[in-house]
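**Q** Got a structure for you, questions after.
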Number of protein chains: 2
Amino acid sequence: MAIRERRERERAERERAIISAARDLAESEGWDAVTTRRLAAEIEYSQPVLYSHFKGKEAIMAAVAVEGFADLARDLAAARVAAAGERQAVAAVAEAYTSFAERRPALYDAMFTLRVDLPFASPDAPIDLPRGFAELADAVRPIAAGDELEALTETFWSALHGLVTLMRSGRLRRADHARRLALLVDRFTRGT
Amino acid sequence: MAIRERRERERAERERAIISAARDLAESEGWDAVTTRRLAAEIEYSQPVLYSHFKGKEAIMAAVAVEGFADLARDLAAARVAAAGERQAVAAVAEAYTSFAERRPALYDAMFTLRVDLPFASPDAPIDLPRGFAELADAVRPIAAGDELEALTETFWSALHGLVTLMRSGRLRRADHARRLALLVDRFTRGT
DNA sequence: TCCAGAATCTAGCGCCGCTAGGAACAAGAG
DNA sequence: CTCTTGTTCCTAGCGGCGCTAGATTCTGGA
């Protein structure tokens, strides 16, 4: 029986290795460089082994994304609790969000841009996804006034996501990022 | 000389055919289905002919995107001038923008999501791109108050883009779209 | 020591974007 | 009308992709 356990442990370790290799490779060379052949070489197994752990490449990316949700939720929480007031909390969370996207672009893409097979606005979403959303919602709550909190949080999130993706793809000048972020926070916190 | 002219005309027609085929194929089956082989078959020429017109597949997508900017600019202009007042103009333009993205998803992706080799915030951006941006800016101007118009327009645009992309990728429930859009417009037009 | 079943690999399928090299063709010169 | 020259276009193929069938190797228990 102990043998079986060791087997399962080794298998779990290998799965972790696949996810780490995918994340590292994506962060250093972009997702285009993450091929099943390179991943297999990285973990020193043959290609088909990947398919005994994951349904396909998209599932590997989804697994990387799930890891990212935990990191993002942590960053957002830290920013929120460190803020001095309600409006500062909104600004701090916004800053933390965009900074996460800038620091971990490949991870961010897996989470929010690339097509991956993950349930989002659904009960069986990965556990850390609603956690991150809840952090945003906590920051937004004081400025929600009469508005529905969930929809307002989604809207705020969308705005942050738009800023980040348009800037990252070269559609917005990076230099004006801080100004745009300030404007967004200002408009959302007005009159509350 | 007339022969040369006919040649050039035919060549221009073929280039148009390539762009149309790419757009149609992308809109009916998605960009993944747009391969150089299928495009070549569609225009009834061999694959290498594509490369005598465009540097590569990305350049074809960029050409499709450029066409889209003209369409979007037209939609935005129509929405803006038909609106009854300043705030209604903001709402109308926002609605027109997201509706364009919903109706022409593949085109929208080429324009704003996929990596294409196009200059954006730069003097040599395709002519219709600043036109679309100017339409947005015209709608935003009355609500800019003391804020810098360009940065505010970029921020508003980003929010629309975020709403659209997160919804389209299944990260936001489609059912709440109108509510989110209304919240966005409300927050941007507050106190002006 | 042998065997059944699990674990893993080799080899290959059909596709991709892209390109080298040659065939077919048309335009001007004699 | 024939020949040369330059353009146009195609056939064929390169290396790489995600993924999988089938063979092979390994391993725990009889």
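Each chain of the structure tokens is named A, B, ... in the order shown, its residues numbered from 1; ligands are numbered from 1 in display order.
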Out of range 10-179 of chain A, which residues get alpha helix (DSSP H) from DSSP, as a ChimeraX atom specification?

**A** /A:10-29,36-43,47-53,57-82,86-103,105-112,128-140,149-168,177-179

**Q** What residues in chain A lie within 10 Å of chain B, counting only C-alpha atoms, written as a ChimeraX atom specification?

**A** /A:111-122,147-148,150-167,169-173,176-184,186-191

**Q** Would you kindly return, as a list in words, each protein, DNA or RNA residue with an atom no farther than 7 Å from any atom of Ala139 in chain A, considering only C-alpha atoms (C1' of nucleotides) and excluding same-chain residues fewer than 3 positions away?

**A**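 The neighbour list is Arg80, Ala89, Val90, Glu135, Leu136 and Pro142 of chain A.
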
**Q** Filtering to C-alpha atoms, could you give me those residues as a PDB file, in the first residue's frame?

**A**
ATOM      1  CA  ARG A  80      -6.944  46.911   0.496  1.00  0.00           C
ATOM      2  CA  ALA A  89      -8.720  51.482  -0.757  1.00  0.00           C
ATOM      3  CA  VAL A  90     -10.321  51.693  -4.181  1.00  0.00           C
ATOM      4  CA  GLU A 135     -11.538  41.607  -2.534  1.00  0.00           C
ATOM      5  CA  LEU A 136     -12.559  43.940  -5.317  1.00  0.00           C
ATOM      6  CA  PRO A 142     -18.335  51.771   0.340  1.00  0.00           C
TER       7      PRO A 142
END

**Q** Please, which residues of chain B lie no more than 8 Å from chain C when the count uses only C-alpha atoms (C1' of nucleotides), and can they be set out as number ranges by chain?

**A** B: 35-36, 57

**Q** Set the cut-off to 12 Å and count only C-alpha atoms (C1' of nucleotides): what are the residues of chain A that reach chain D? Output as an mmCIF file with N, CA and C atoms, in the first residue's frame.

**A**
data_model
loop_
_atom_site.group_PDB
_atom_site.id
_atom_site.type_symbol
_atom_site.label_atom_id
_atom_site.label_comp_id
_atom_site.auth_asym_id
_atom_site.auth_seq_id
_atom_site.Cartn_x
_atom_site.Cartn_y
_atom_site.Cartn_z
ATOM 1 N N MET A 1 0.832 -1.200 0.000
ATOM 2 C CA MET A 1 0.000 0.000 0.000
ATOM 3 C C MET A 1 0.872 1.257 0.000
ATOM 4 N N ALA A 2 1.961 1.203 0.783
ATOM 5 C CA ALA A 2 2.856 2.367 0.832
ATOM 6 C C ALA A 2 3.415 2.676 -0.548
ATOM 7 N N ILE A 3 3.589 1.631 -1.293
ATOM 8 C CA ILE A 3 4.105 1.832 -2.651
ATOM 9 C C ILE A 3 3.130 2.647 -3.489
ATOM 10 N N ARG A 4 1.885 2.270 -3.354
ATOM 11 C CA ARG A 4 0.852 3.014 -4.076
ATOM 12 C C ARG A 4 0.860 4.496 -3.681
ATOM 13 N N ARG A 7 3.710 6.258 -5.265
ATOM 14 C CA ARG A 7 3.358 6.485 -6.669
ATOM 15 C C ARG A 7 2.475 7.720 -6.841
ATOM 16 N N ASP A 32 3.444 31.567 -26.516
ATOM 17 C CA ASP A 32 3.754 30.936 -27.802
ATOM 18 C C ASP A 32 4.895 29.934 -27.668
ATOM 19 N N ALA A 33 5.779 30.197 -26.711
ATOM 20 C CA ALA A 33 6.931 29.315 -26.539
ATOM 21 C C ALA A 33 6.573 28.062 -25.738
ATOM 22 N N VAL A 34 5.406 28.066 -25.142
ATOM 23 C CA VAL A 34 4.989 26.912 -24.347
ATOM 24 C C VAL A 34 4.354 25.872 -25.272
ATOM 25 N N THR A 35 5.148 24.935 -25.695
ATOM 26 C CA THR A 35 4.635 23.855 -26.540
ATOM 27 C C THR A 35 4.710 22.563 -25.739
ATOM 28 N N THR A 36 3.892 21.615 -26.135
ATOM 29 C CA THR A 36 3.911 20.354 -25.391
ATOM 30 C C THR A 36 5.286 19.686 -25.489
ATOM 31 N N ARG A 37 5.962 19.871 -26.597
ATOM 32 C CA ARG A 37 7.304 19.277 -26.717
ATOM 33 C C ARG A 37 8.291 19.894 -25.742
ATOM 34 N N ARG A 38 8.266 21.229 -25.656
ATOM 35 C CA ARG A 38 9.195 21.883 -24.730
ATOM 36 C C ARG A 38 8.859 21.558 -23.293
ATOM 37 N N GLN A 47 6.311 13.421 -24.320
ATOM 38 C CA GLN A 47 5.112 14.218 -24.567
ATOM 39 C C GLN A 47 3.805 13.574 -24.070
ATOM 40 N N PRO A 48 3.547 12.317 -24.369
ATOM 41 C CA PRO A 48 2.238 11.750 -23.994
ATOM 42 C C PRO A 48 1.972 11.768 -22.490
ATOM 43 N N VAL A 49 3.030 11.844 -21.687
ATOM 44 C CA VAL A 49 2.831 11.896 -20.240
ATOM 45 C C VAL A 49 1.976 13.100 -19.856
ATOM 46 N N LEU A 50 2.170 14.206 -20.570
ATOM 47 C CA LEU A 50 1.374 15.402 -20.280
ATOM 48 C C LEU A 50 -0.118 15.096 -20.373
ATOM 49 N N TYR A 51 -0.438 14.239 -21.325
ATOM 50 C CA TYR A 51 -1.859 13.961 -21.577
ATOM 51 C C TYR A 51 -2.439 12.966 -20.575
ATOM 52 N N SER A 52 -1.594 12.367 -19.766
ATOM 53 C CA SER A 52 -2.118 11.531 -18.692
ATOM 54 C C SER A 52 -2.435 12.397 -17.468
ATOM 55 N N PHE A 54 -3.279 16.047 -18.041
ATOM 56 C CA PHE A 54 -4.191 17.088 -18.497
ATOM 57 C C PHE A 54 -4.815 16.684 -19.827
ATOM 58 N N LYS A 55 -6.004 17.198 -20.038
ATOM 59 C CA LYS A 55 -6.725 16.850 -21.257
ATOM 60 C C LYS A 55 -6.014 17.398 -22.491
ATOM 61 N N GLY A 56 -5.324 18.484 -22.335
ATOM 62 C CA GLY A 56 -4.636 19.086 -23.472
ATOM 63 C C GLY A 56 -3.932 20.345 -23.026
ATOM 64 N N LYS A 57 -3.416 21.080 -23.971
ATOM 65 C CA LYS A 57 -2.644 22.271 -23.636
ATOM 66 C C LYS A 57 -3.509 23.303 -22.911
ATOM 67 N N GLU A 58 -4.752 23.448 -23.351
ATOM 68 C CA GLU A 58 -5.633 24.422 -22.703
ATOM 69 C C GLU A 58 -5.833 24.108 -21.224
#

**Q** Residues within 10 Å of Gln88 in chain A, please, as a VMD selection string. Count only C-alpha atoms (C1' of nucleotides); anything in the same chain fewer than 4 positions from it doesn't count.

**A** chain A and resid 79 to 80 82 to 84 92 to 94 139 185 189

**Q** Which value, in Å to one decimal, gives the distance between CA of Glu42 in chain A and CA of Glu5 in chain A?

**A**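 CA of Glu42 in chain A sits 24.9 Å away from CA of Glu5 in chain A.
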
**Q** Between CA of Leu129 in chain B and CA of Tyr108 in chain A, what is the distance in Å, rounded to a tenth?

**A** 26.8 Å
